[in-house]
file start25.pdb (PDB, C-alpha atoms)
ATOM      1  CA  MET F   1     -96.942  64.921  -1.900
ATOM      2  CA  ALA F   2     -96.041  61.674  -0.220
ATOM      3  CA  VAL F   3     -93.476  61.625   2.559
ATOM      4  CA  GLY F   4     -90.004  60.599   1.421
ATOM      5  CA  ALA F   5     -90.648  61.297  -2.205
ATOM      6  CA  ARG F   6     -87.842  63.106  -4.119
ATOM      7  CA  PRO F   7     -88.220  65.422  -6.938
ATOM      8  CA  GLY F   8     -87.581  63.791 -10.283
ATOM      9  CA  TYR F   9     -87.965  60.245  -8.989
ATOM     10  CA  GLY F  10     -88.664  57.931 -11.814
ATOM     11  CA  GLU F  11     -87.018  60.194 -14.353
ATOM     12  CA  PRO F  12     -83.750  59.188 -16.060
ATOM     13  CA  GLU F  13     -80.538  60.525 -14.542
ATOM     14  CA  ASP F  14     -78.131  62.651 -16.594
ATOM     15  CA  ARG F  15     -74.984  60.413 -16.909
ATOM     16  CA  PRO F  16     -71.951  60.989 -19.155
ATOM     17  CA  GLU F  17     -71.992  58.870 -22.274
ATOM     18  CA  ARG F  18     -69.206  56.276 -22.694
ATOM     19  CA  PRO F  19     -67.354  56.693 -25.952
ATOM     20  CA  ASP F  20     -67.507  53.821 -28.433
ATOM     21  CA  PRO F  21     -64.056  52.054 -28.398
ATOM     22  CA  ALA F  22     -63.987  51.745 -32.195
ATOM     23  CA  VAL F  23     -64.639  55.421 -32.622
ATOM     24  CA  ALA F  24     -62.064  56.301 -30.001
ATOM     25  CA  ALA F  25     -59.435  54.272 -31.773
ATOM     26  CA  MET F  26     -60.155  56.009 -35.060
ATOM     27  CA  THR F  27     -59.995  59.463 -33.527
ATOM     28  CA  SER F  28     -56.895  58.984 -31.350
ATOM     29  CA  ASP F  29     -53.453  60.353 -32.221
ATOM     30  CA  PRO F  30     -50.289  58.138 -32.476
ATOM     31  CA  ALA F  31     -49.621  58.677 -28.766
ATOM     32  CA  GLY F  32     -53.008  57.211 -27.861
ATOM     33  CA  GLN F  33     -54.712  60.546 -27.063
ATOM     34  CA  PRO F  34     -58.137  61.281 -28.442
ATOM     35  CA  GLY F  35     -58.220  63.538 -31.386
ATOM     36  CA  SER F  36     -60.729  65.296 -33.503
ATOM     37  CA  GLY F  37     -60.730  62.521 -36.149
ATOM     38  CA  ALA F  38     -58.994  64.689 -38.714
ATOM     39  CA  GLU F  39     -55.207  65.250 -39.139
ATOM     40  CA  GLY F  40     -53.990  68.674 -38.252
ATOM     41  CA  GLU F  41     -50.922  70.412 -39.535
ATOM     42  CA  ASP F  42     -48.685  68.853 -36.874
ATOM     43  CA  GLY F  43     -49.937  65.325 -37.455
ATOM     44  CA  GLY F  44     -49.467  65.575 -41.230
ATOM     45  CA  SER F  45     -45.924  66.952 -40.943
ATOM     46  CA  GLU F  46     -44.881  64.224 -38.496
ATOM     47  CA  LYS F  47     -46.102  61.452 -40.768
ATOM     48  CA  GLY F  48     -44.439  63.086 -43.768
ATOM     49  CA  GLN F  49     -41.192  63.289 -41.797
ATOM     50  CA  GLU F  50     -41.446  59.582 -40.993
ATOM     51  CA  ASN F  51     -42.015  58.737 -44.638
ATOM     52  CA  ARG F  52     -38.994  60.796 -45.718
ATOM     53  CA  GLU F  53     -36.809  59.137 -43.068
ATOM     54  CA  ASN F  54     -37.942  55.701 -44.234
ATOM     55  CA  GLU F  55     -37.138  56.572 -47.847
ATOM     56  CA  GLU F  56     -33.697  57.911 -46.907
ATOM     57  CA  SER F  57     -32.861  54.857 -44.802
ATOM     58  CA  GLY F  58     -33.954  52.646 -47.690
ATOM     59  CA  GLY F  59     -31.621  54.552 -50.035
ATOM     60  CA  ASP F  60     -28.715  54.097 -47.602
ATOM     61  CA  ARG F  61     -29.363  50.377 -47.502
ATOM     62  CA  ASP F  62     -29.260  50.247 -51.300
ATOM     63  CA  ARG F  63     -25.931  52.062 -51.380
ATOM     64  CA  ASN F  64     -24.413  49.785 -48.725
ATOM     65  CA  GLN F  65     -25.403  46.596 -50.509
ATOM     66  CA  PRO F  66     -22.439  44.798 -52.277
ATOM     67  CA  ARG F  67     -22.208  45.138 -56.020
ATOM     68  CA  SER F  68     -23.187  42.232 -58.182
ATOM     69  CA  PHE F  69     -20.451  39.628 -58.850
ATOM     70  CA  TRP F  70     -20.950  39.975 -62.592
ATOM     71  CA  LYS F  71     -20.355  43.729 -62.347
ATOM     72  CA  GLU F  72     -17.107  43.141 -60.420
ATOM     73  CA  LEU F  73     -15.855  40.354 -62.709
ATOM     74  CA  PRO F  74     -14.458  42.551 -65.551
ATOM     75  CA  LEU F  75     -12.500  44.618 -63.009
ATOM     76  CA  LEU F  76     -11.084  41.494 -61.371
ATOM     77  CA  ILE F  77     -10.060  40.068 -64.744
ATOM     78  CA  GLY F  78      -8.371  43.338 -65.702
ATOM     79  CA  ILE F  79      -6.378  43.452 -62.463
ATOM     80  CA  ALA F  80      -5.368  39.798 -62.857
ATOM     81  CA  LEU F  81      -4.116  40.397 -66.408
ATOM     82  CA  VAL F  82      -2.072  43.435 -65.386
ATOM     83  CA  LEU F  83      -0.496  41.531 -62.494
ATOM     84  CA  ALA F  84       0.268  38.558 -64.753
ATOM     85  CA  LEU F  85       1.954  40.852 -67.288
ATOM     86  CA  LEU F  86       4.071  42.519 -64.582
ATOM     87  CA  ILE F  87       5.082  39.156 -63.124
ATOM     88  CA  LYS F  88       6.057  37.832 -66.556
ATOM     89  CA  THR F  89       8.075  40.956 -67.351
ATOM     90  CA  PHE F  90       9.939  41.428 -64.089
ATOM     91  CA  LEU F  91       9.660  38.327 -61.879
ATOM     92  CA  VAL F  92       8.979  34.858 -63.306
ATOM     93  CA  GLN F  93       8.152  33.467 -66.734
ATOM     94  CA  ALA F  94       7.171  29.973 -67.833
ATOM     95  CA  PHE F  95       9.048  28.252 -70.647
ATOM     96  CA  SER F  96       8.378  24.990 -72.433
ATOM     97  CA  ILE F  97      11.182  22.490 -73.159
ATOM     98  CA  PRO F  98      11.079  21.828 -76.940
ATOM     99  CA  SER F  99      13.817  19.195 -77.318
ATOM    100  CA  ASP F 100      15.749  16.360 -75.633
ATOM    101  CA  SER F 101      19.017  18.279 -75.273
ATOM    102  CA  MET F 102      18.712  18.590 -71.470
ATOM    103  CA  MET F 103      17.636  15.019 -70.653
ATOM    104  CA  ASN F 104      17.352  13.625 -68.094
ATOM    105  CA  THR F 105      17.354  16.855 -66.095
ATOM    106  CA  LEU F 106      14.600  18.243 -68.327
ATOM    107  CA  GLN F 107      12.393  16.302 -70.688
ATOM    108  CA  ARG F 108      10.545  17.402 -73.789
ATOM    109  CA  GLY F 109       7.273  19.072 -72.797
ATOM    110  CA  ASP F 110       8.353  20.069 -69.280
ATOM    111  CA  ARG F 111       7.396  23.545 -68.099
ATOM    112  CA  VAL F 112      10.056  25.432 -66.161
ATOM    113  CA  LEU F 113       9.809  28.689 -64.244
ATOM    114  CA  VAL F 114      12.589  31.149 -64.972
ATOM    115  CA  ASP F 115      13.756  33.741 -62.473
ATOM    116  CA  LYS F 116      13.868  37.115 -64.263
ATOM    117  CA  LEU F 117      14.178  39.275 -61.144
ATOM    118  CA  THR F 118      17.803  38.800 -60.069
ATOM    119  CA  PRO F 119      19.289  39.976 -63.413
ATOM    120  CA  TRP F 120      17.581  43.327 -62.792
ATOM    121  CA  PHE F 121      19.834  43.721 -59.724
ATOM    122  CA  GLY F 122      23.033  42.999 -61.634
ATOM    123  CA  SER F 123      23.181  39.247 -61.047
ATOM    124  CA  LYS F 124      25.177  37.355 -63.678
ATOM    125  CA  PRO F 125      24.960  33.699 -64.723
ATOM    126  CA  GLU F 126      27.026  31.332 -62.577
ATOM    127  CA  ARG F 127      28.669  28.015 -63.338
ATOM    128  CA  GLY F 128      26.291  25.079 -63.072
ATOM    129  CA  GLU F 129      23.070  27.075 -63.508
ATOM    130  CA  VAL F 130      20.458  26.074 -66.066
ATOM    131  CA  VAL F 131      19.637  29.227 -68.020
ATOM    132  CA  VAL F 132      17.268  30.313 -70.773
ATOM    133  CA  PHE F 133      18.769  32.627 -73.394
ATOM    134  CA  HIS F 134      17.827  34.162 -76.718
ATOM    135  CA  ASP F 135      19.360  32.767 -79.870
ATOM    136  CA  PRO F 136      22.726  34.574 -80.160
ATOM    137  CA  GLY F 137      22.405  34.309 -83.934
ATOM    138  CA  GLY F 138      22.484  31.231 -86.117
ATOM    139  CA  TRP F 139      22.041  28.640 -83.352
ATOM    140  CA  LEU F 140      18.461  27.825 -84.316
ATOM    141  CA  GLU F 141      18.819  28.405 -88.030
ATOM    142  CA  GLY F 142      16.522  25.989 -89.841
ATOM    143  CA  ALA F 143      14.806  24.836 -86.661
ATOM    144  CA  ASP F 144      11.040  24.391 -86.870
ATOM    145  CA  THR F 145       9.056  26.878 -84.802
ATOM    146  CA  PRO F 146       5.358  26.052 -84.263
ATOM    147  CA  GLU F 147       2.853  28.684 -85.343
ATOM    148  CA  PRO F 148       0.623  29.567 -82.359
ATOM    149  CA  ASN F 149      -3.034  30.536 -82.705
ATOM    150  CA  ALA F 150      -4.491  33.853 -81.521
ATOM    151  CA  VAL F 151      -5.393  32.585 -78.059
ATOM    152  CA  GLN F 152      -1.910  31.164 -77.508
ATOM    153  CA  LYS F 153      -0.365  34.466 -78.574
ATOM    154  CA  VAL F 154      -2.443  36.413 -76.032
ATOM    155  CA  LEU F 155      -1.788  33.952 -73.204
ATOM    156  CA  SER F 156       1.940  33.825 -73.915
ATOM    157  CA  PHE F 157       2.108  37.629 -74.108
ATOM    158  CA  ILE F 158       0.731  38.023 -70.579
ATOM    159  CA  GLY F 159       2.777  35.101 -69.247
ATOM    160  CA  LEU F 160      -0.010  32.578 -68.663
ATOM    161  CA  MET F 161       1.465  30.250 -71.280
ATOM    162  CA  PRO F 162       5.037  29.606 -72.522
ATOM    163  CA  SER F 163       5.955  31.526 -75.628
ATOM    164  CA  ALA F 164       5.805  29.513 -78.827
ATOM    165  CA  GLU F 165       7.206  32.213 -81.107
ATOM    166  CA  GLU F 166      10.384  33.327 -79.385
ATOM    167  CA  LYS F 167      13.494  31.391 -80.365
ATOM    168  CA  ASP F 168      14.963  30.677 -76.961
ATOM    169  CA  LEU F 169      17.328  27.937 -75.828
ATOM    170  CA  ILE F 170      17.968  26.301 -72.465
ATOM    171  CA  LYS F 171      21.407  24.929 -71.493
ATOM    172  CA  ARG F 172      23.695  24.554 -68.502
ATOM    173  CA  VAL F 173      26.402  27.134 -67.823
ATOM    174  CA  ILE F 174      29.786  25.381 -67.801
ATOM    175  CA  ALA F 175      32.115  28.385 -67.791
ATOM    176  CA  VAL F 176      31.828  32.149 -67.283
ATOM    177  CA  GLY F 177      33.912  35.150 -68.306
ATOM    178  CA  GLY F 178      37.599  34.639 -67.507
ATOM    179  CA  ASP F 179      37.375  30.825 -67.358
ATOM    180  CA  THR F 180      39.261  28.362 -69.533
ATOM    181  CA  VAL F 181      37.365  25.235 -70.544
ATOM    182  CA  SER F 182      38.378  22.209 -72.616
ATOM    183  CA  CYS F 183      37.629  18.534 -73.129
ATOM    184  CA  LYS F 184      39.528  15.684 -74.770
ATOM    185  CA  GLU F 185      37.826  12.893 -76.682
ATOM    186  CA  GLY F 186      36.403  10.399 -74.186
ATOM    187  CA  GLY F 187      37.593  12.433 -71.206
ATOM    188  CA  LYS F 188      35.994  14.810 -68.745
ATOM    189  CA  VAL F 189      35.358  18.510 -69.088
ATOM    190  CA  VAL F 190      38.271  20.468 -67.617
ATOM    191  CA  LEU F 191      37.475  23.871 -66.107
ATOM    192  CA  ASN F 192      40.374  26.067 -65.011
ATOM    193  CA  GLY F 193      42.551  22.967 -64.725
ATOM    194  CA  LYS F 194      39.993  20.987 -62.663
ATOM    195  CA  GLU F 195      38.047  18.005 -63.987
ATOM    196  CA  LEU F 196      34.292  18.214 -63.502
ATOM    197  CA  ASP F 197      32.368  15.242 -62.133
ATOM    198  CA  GLU F 198      29.130  15.621 -64.102
ATOM    199  CA  SER F 199      27.603  12.242 -63.249
ATOM    200  CA  SER F 200      24.851  13.829 -61.133
ATOM    201  CA  TYR F 201      23.192  15.548 -64.104
ATOM    202  CA  LEU F 202      24.446  14.031 -67.371
ATOM    203  CA  ARG F 203      22.059  11.633 -69.046
ATOM    204  CA  PRO F 204      23.063   8.040 -68.202
ATOM    205  CA  GLY F 205      25.162   6.522 -70.980
ATOM    206  CA  THR F 206      26.292   9.859 -72.424
ATOM    207  CA  VAL F 207      29.944  10.932 -72.498
ATOM    208  CA  PRO F 208      31.012  14.378 -71.217
ATOM    209  CA  CYS F 209      32.280  15.580 -74.583
ATOM    210  CA  ASP F 210      31.917  14.353 -78.104
ATOM    211  CA  PRO F 211      33.500  15.925 -80.096
ATOM    212  CA  ALA F 212      36.519  17.268 -78.232
ATOM    213  CA  PHE F 213      37.025  21.024 -77.947
ATOM    214  CA  GLY F 214      39.259  23.693 -76.462
ATOM    215  CA  PRO F 215      40.943  25.043 -74.671
ATOM    216  CA  VAL F 216      38.514  27.960 -74.930
ATOM    217  CA  HIS F 217      39.126  31.208 -73.050
ATOM    218  CA  VAL F 218      35.681  32.652 -72.296
ATOM    219  CA  PRO F 219      35.588  36.440 -72.834
ATOM    220  CA  LYS F 220      34.339  38.802 -70.158
ATOM    221  CA  ASP F 221      30.538  38.996 -69.715
ATOM    222  CA  ARG F 222      30.000  35.848 -71.783
ATOM    223  CA  ILE F 223      29.271  32.199 -70.932
ATOM    224  CA  TRP F 224      30.029  28.745 -72.364
ATOM    225  CA  VAL F 225      26.958  26.484 -72.306
ATOM    226  CA  MET F 226      26.339  22.773 -72.893
ATOM    227  CA  GLY F 227      23.349  20.460 -72.738
ATOM    228  CA  ASP F 228      23.058  17.590 -70.257
ATOM    229  CA  ASN F 229      22.380  15.187 -73.133
ATOM    230  CA  ARG F 230      25.738  15.799 -74.792
ATOM    231  CA  GLN F 231      25.136  13.543 -77.810
ATOM    232  CA  ASN F 232      21.932  15.388 -78.663
ATOM    233  CA  SER F 233      22.719  19.022 -77.931
ATOM    234  CA  LEU F 234      23.803  21.675 -80.424
ATOM    235  CA  ASP F 235      25.471  23.866 -77.823
ATOM    236  CA  SER F 236      28.606  26.049 -77.650
ATOM    237  CA  ARG F 237      30.786  23.232 -79.052
ATOM    238  CA  PHE F 238      29.072  23.420 -82.439
ATOM    239  CA  HIS F 239      29.066  27.197 -82.923
ATOM    240  CA  THR F 240      32.694  28.161 -82.484
ATOM    241  CA  GLU F 241      32.789  29.554 -86.036
ATOM    242  CA  LEU F 242      30.122  32.159 -85.203
ATOM    243  CA  PRO F 243      30.833  35.577 -83.640
ATOM    244  CA  GLY F 244      31.645  35.009 -79.985
ATOM    245  CA  GLY F 245      33.340  31.674 -80.690
ATOM    246  CA  GLY F 246      30.412  29.664 -79.362
ATOM    247  CA  THR F 247      29.962  31.770 -76.238
ATOM    248  CA  VAL F 248      26.768  33.618 -75.295
ATOM    249  CA  SER F 249      26.570  37.217 -74.098
ATOM    250  CA  ASN F 250      25.170  37.752 -70.605
ATOM    251  CA  ASP F 251      22.787  40.263 -72.159
ATOM    252  CA  GLU F 252      21.122  37.444 -74.106
ATOM    253  CA  VAL F 253      20.307  35.511 -70.927
ATOM    254  CA  VAL F 254      16.622  35.743 -69.981
ATOM    255  CA  GLY F 255      17.099  34.210 -66.551
ATOM    256  CA  ARG F 256      17.847  31.116 -64.529
ATOM    257  CA  ALA F 257      15.489  28.127 -64.593
ATOM    258  CA  VAL F 258      14.743  27.350 -60.948
ATOM    259  CA  VAL F 259      11.775  24.955 -60.887
ATOM    260  CA  VAL F 260      10.205  22.254 -63.045
ATOM    261  CA  ALA F 261       6.566  23.254 -62.548
ATOM    262  CA  TRP F 262       4.743  20.895 -64.936
ATOM    263  CA  PRO F 263       3.825  18.087 -65.121
ATOM    264  CA  VAL F 264       3.090  17.755 -61.417
ATOM    265  CA  ASN F 265       4.744  14.343 -61.091
ATOM    266  CA  ARG F 266       8.055  15.881 -62.264
ATOM    267  CA  TRP F 267       8.043  18.869 -59.934
ATOM    268  CA  SER F 268      11.587  19.576 -58.763
ATOM    269  CA  THR F 269      14.110  22.351 -58.210
ATOM    270  CA  LEU F 270      17.220  22.925 -60.332
ATOM    271  CA  PRO F 271      20.121  23.525 -57.926
ATOM    272  CA  ILE F 272      23.779  24.063 -58.849
ATOM    273  CA  PRO F 273      25.640  20.714 -58.799
ATOM    274  CA  ALA F 274      28.281  20.239 -56.102
ATOM    275  CA  THR F 275      31.095  19.740 -58.639
ATOM    276  CA  TYR F 276      31.111  23.503 -59.285
ATOM    277  CA  ASP F 277      31.908  24.152 -55.610
ATOM    278  CA  GLN F 278      35.129  22.122 -55.562
ATOM    279  CA  PRO F 279      38.207  23.889 -54.150
ATOM    280  CA  GLY F 280      40.614  25.496 -56.575
ATOM    281  CA  LEU F 281      38.093  26.086 -59.343
ATOM    282  CA  ASP F 282      38.631  29.851 -59.069
ATOM    283  CA  LYS F 283      42.403  29.537 -58.672
ATOM    284  CA  ALA F 284      43.161  30.628 -62.228
ATOM    285  CA  LEU F 285      41.017  33.709 -61.845
ATOM    286  CA  ALA F 286      42.546  34.527 -58.473
ATOM    287  CA  ALA F 287      46.058  34.233 -59.888
ATOM    288  CA  ALA F 288      45.221  36.513 -62.774
ATOM    289  CA  THR F 289      43.768  39.226 -60.582
ATOM    290  CA  PRO F 290      47.025  40.336 -58.768
ATOM    291  CA  GLY F 291      48.895  40.405 -62.087
ATOM    292  CA  ALA F 292      46.222  42.606 -63.613
ATOM    293  CA  LEU F 293      46.282  44.919 -60.600
ATOM    294  CA  GLY F 294      50.090  45.110 -60.714
ATOM    295  CA  LEU F 295      50.044  46.028 -64.385
ATOM    296  CA  ALA F 296      47.417  48.689 -63.793
ATOM    297  CA  GLY F 297      49.514  50.171 -60.976
ATOM    298  CA  ALA F 298      52.805  50.107 -62.914
ATOM    299  CA  LEU F 299      51.444  51.721 -66.076
ATOM    300  CA  PRO F 300      51.102  55.267 -64.653
ATOM    301  CA  LEU F 301      54.607  55.075 -63.183
ATOM    302  CA  VAL F 302      56.104  54.068 -66.523
ATOM    303  CA  LEU F 303      54.284  56.880 -68.316
ATOM    304  CA  TRP F 304      55.445  59.409 -65.684
ATOM    305  CA  ARG F 305      59.094  58.355 -66.059
ATOM    306  CA  ARG F 306      58.890  58.564 -69.860
ATOM    307  CA  LYS F 307      57.407  62.040 -69.605
ATOM    308  CA  LYS F 308      60.121  63.178 -67.169
ATOM    309  CA  ARG F 309      62.832  61.779 -69.371
ATOM    310  CA  ALA F 310      61.411  63.564 -72.406
ATOM    311  CA  ALA F 311      61.336  66.850 -70.495
ATOM    312  CA  GLY F 312      65.032  66.440 -69.546
ATOM    313  CA  HIS F 313      66.048  65.972 -73.168
ATOM    314  CA  THR F 314      64.138  69.112 -74.130
ATOM    315  CA  ALA F 315      65.981  71.206 -71.481
ATOM    316  CA  GLU F 316      69.404  70.105 -72.775
TER     317      GLU F 316
END
call {"tool": "encode", "arguments": {"input": "start25.pdb", "output": "structure tokens"}}
result
Amino acid sequence: MAVGARPGYGEPEDRPERPDPAVAAMTSDPAGQPGSGAEGEDGGSEKGQENRENEESGGDRDRNQPRSFWKELPLLIGIALVLALLIKTFLVQAFSIPSDSMMNTLQRGDRVLVDKLTPWFGSKPERGEVVVFHDPGGWLEGADTPEPNAVQKVLSFIGLMPSAEEKDLIKRVIAVGGDTVSCKEGGKVVLNGKELDESSYLRPGTVPCDPAFGPVHVPKDRIWVMGDNRQNSLDSRFHTELPGGGTVSNDEVVGRAVVVAWPVNRWSTLPIPATYDQPGLDKALAAATPGALGLAGALPLVLWRRKKRAAGHTAE
């Protein structure tokens, strides 16, 4: 044996084999640790859990997504129709002007909005207001009423279009219950002894009253109405032979017209003219009130004295 020779020289050394990277990647678990190359029970359950969580999260996303616009549209339309019907019934309703009787304040074809809310709280028509009221009976006899189609009937029923079937009128309130109103030929309307300056709303060129009328004592809870175009208005003056003597019951009043809403270029409000605020207009009513109260107070006293006197005669 040669000096310095080692046993096994020239023979291959036993070294650990390096794993193939591709194989290692295939046999490693999700955490990067080498595995056996086959899924065990734990590995399979973890992946199944992940799949279930992904499916559940996907279902939550589907539920949280907004509904389609076309699915929501019928509900929105239904709500809008209900609200429109409630507004028309209790708040505001649109009416169309069918004649020239209120020119120039209102013209044929104008659309006005009528306040229907305040009457629900006991509000009564006031002098100078423009009001819409149902035909008291016989006022529109023989008048032509247009026949609406089916669509117009539906739209007018829910308040999206003025009613074409109802026989309603629109006039200005001149006098209310307890007032006395009159007018001489060529003169001015006289209300409770005061002349009314109606130049701010009468149609230019028209006279305050033609024909003459009165004096008319307006009963309680009724109104006397006239059009602003006096020569072209079949108002209270022309129905004095009917029940009520040409006056209209407050119960027939639909509401007060407050705004000209259409056409846009005629948009305006309908305030009470200043002539109805003049001093002394309520003087007649004020004078009548103490007399009525005095009579009411004296009546029980008179009845008591008559009863006492009758009892005295019986005792004798």
call {"tool": "residues_around", "arguments": {"input": "start25.pdb", "residues": "F:Pro219", "least_positions_apart": "6", "cutoff": "9 Å", "atoms": "only C-alpha atoms", "output": "ChimeraX atom specification"}}
result
/F:176-179,244,247
call {"tool": "resolve_selection", "arguments": {"input": "start25.pdb", "expression": "the PyMOL selection byres ((chain F and resi 104) around 12)", "output": "JSON, numbers by chain"}}
result
{"F": [97, 99, 100, 101, 102, 103, 105, 106, 107, 108, 110, 199, 200, 201, 202, 203, 204, 205, 206, 227, 228, 229, 230, 232, 266]}
call {"tool": "write_last_selection", "arguments": {"input": "start25.pdb", "atoms": "C-alpha atoms", "output": "tab-separated table (two decimals), in the coordinates of the input"}}
result
chain	number	residue	atom	x	y	z
F	97	ILE	CA	11.18	22.49	-73.16
F	99	SER	CA	13.82	19.20	-77.32
F	100	ASP	CA	15.75	16.36	-75.63
F	101	SER	CA	19.02	18.28	-75.27
F	102	MET	CA	18.71	18.59	-71.47
F	103	MET	CA	17.64	15.02	-70.65
F	105	THR	CA	17.35	16.86	-66.10
F	106	LEU	CA	14.60	18.24	-68.33
F	107	GLN	CA	12.39	16.30	-70.69
F	108	ARG	CA	10.54	17.40	-73.79
F	110	ASP	CA	8.35	20.07	-69.28
F	199	SER	CA	27.60	12.24	-63.25
F	200	SER	CA	24.85	13.83	-61.13
F	201	TYR	CA	23.19	15.55	-64.10
F	202	LEU	CA	24.45	14.03	-67.37
F	203	ARG	CA	22.06	11.63	-69.05
F	204	PRO	CA	23.06	8.04	-68.20
F	205	GLY	CA	25.16	6.52	-70.98
F	206	THR	CA	26.29	9.86	-72.42
F	227	GLY	CA	23.35	20.46	-72.74
F	228	ASP	CA	23.06	17.59	-70.26
F	229	ASN	CA	22.38	15.19	-73.13
F	230	ARG	CA	25.74	15.80	-74.79
F	232	ASN	CA	21.93	15.39	-78.66
F	266	ARG	CA	8.06	15.88	-62.26
call {"tool": "resolve_selection", "arguments": {"input": "start25.pdb", "expression": "the PyMOL selection byres ((chain F and resi 211) around 12)", "output": "ChimeraX atom specification"}}
result
/F:182-189,207-210,212-214,230-238
call {"tool": "write_last_selection", "arguments": {"input": "start25.pdb", "atoms": "C-alpha atoms", "output": "JSON list (two decimals), in the frame of the given file"}}
result
[["chain", "number", "residue", "atom", "x", "y", "z"],
["F", 182, "SER", "CA", 38.38, 22.21, -72.62],
["F", 183, "CYS", "CA", 37.63, 18.53, -73.13],
["F", 184, "LYS", "CA", 39.53, 15.68, -74.77],
["F", 185, "GLU", "CA", 37.83, 12.89, -76.68],
["F", 186, "GLY", "CA", 36.40, 10.40, -74.19],
["F", 187, "GLY", "CA", 37.59, 12.43, -71.21],
["F", 188, "LYS", "CA", 35.99, 14.81, -68.74],
["F", 189, "VAL", "CA", 35.36, 18.51, -69.09],
["F", 207, "VAL", "CA", 29.94, 10.93, -72.50],
["F", 208, "PRO", "CA", 31.01, 14.38, -71.22],
["F", 209, "CYS", "CA", 32.28, 15.58, -74.58],
["F", 210, "ASP", "CA", 31.92, 14.35, -78.10],
["F", 212, "ALA", "CA", 36.52, 17.27, -78.23],
["F", 213, "PHE", "CA", 37.02, 21.02, -77.95],
["F", 214, "GLY", "CA", 39.26, 23.69, -76.46],
["F", 230, "ARG", "CA", 25.74, 15.80, -74.79],
["F", 231, "GLN", "CA", 25.14, 13.54, -77.81],
["F", 232, "ASN", "CA", 21.93, 15.39, -78.66],
["F", 233, "SER", "CA", 22.72, 19.02, -77.93],
["F", 234, "LEU", "CA", 23.80, 21.68, -80.42],
["F", 235, "ASP", "CA", 25.47, 23.87, -77.82],
["F", 236, "SER", "CA", 28.61, 26.05, -77.65],
["F", 237, "ARG", "CA", 30.79, 23.23, -79.05],
["F", 238, "PHE", "CA", 29.07, 23.42, -82.44]]
call {"tool": "resolve_selection", "arguments": {"input": "start25.pdb", "expression": "the PyMOL selection byres ((chain F and resi 216) around 7)", "output": "JSON, numbers by chain"}}
result
{"F": [180, 181, 182, 214, 215, 217, 218]}
call {"tool": "closest_residue", "arguments": {"input": "start25.pdb", "among": "F:Asn192, F:Val112, F:Trp70, F:Asp221", "to": "F:Ser268", "atoms": "all atoms listed in the file"}}
result
F:Val112
call {"tool": "residues_around", "arguments": {"input": "start25.pdb", "residues": "F:Glu129", "least_positions_apart": "6", "cutoff": "9 Å", "atoms": "all atoms listed in the file", "output": "PyMOL selection string"}}
result
chain F and resi 171-174+256-258+270-273
call {"tool": "atom_distance", "arguments": {"input": "start25.pdb", "atom1": "atom CA of F:Gly246", "atom2": "atom CA of F:Leu191"}}
result
16.1 Å
call {"tool": "atom_distance", "arguments": {"input": "start25.pdb", "atom1": "atom CA of F:Phe133", "atom2": "atom CA of F:Val225"}}
result
10.3 Å
call {"tool": "atom_distance", "arguments": {"input": "start25.pdb", "atom1": "atom CA of F:Asp168", "atom2": "atom CA of F:Leu196"}}
result
26.6 Å
call {"tool": "closest_residue", "arguments": {"input": "start25.pdb", "among": "F:Gly128, F:Gly245, F:Glu195, F:Pro136", "to": "F:Tyr276", "atoms": "all atoms listed in the file"}}
result
F:Gly128
call {"tool": "closest_residue", "arguments": {"input": "start25.pdb", "among": "F:Arg127, F:Lys167, F:Lys71, F:Arg111", "to": "F:Pro263", "atoms": "only C-alpha atoms"}}
result
F:Arg111
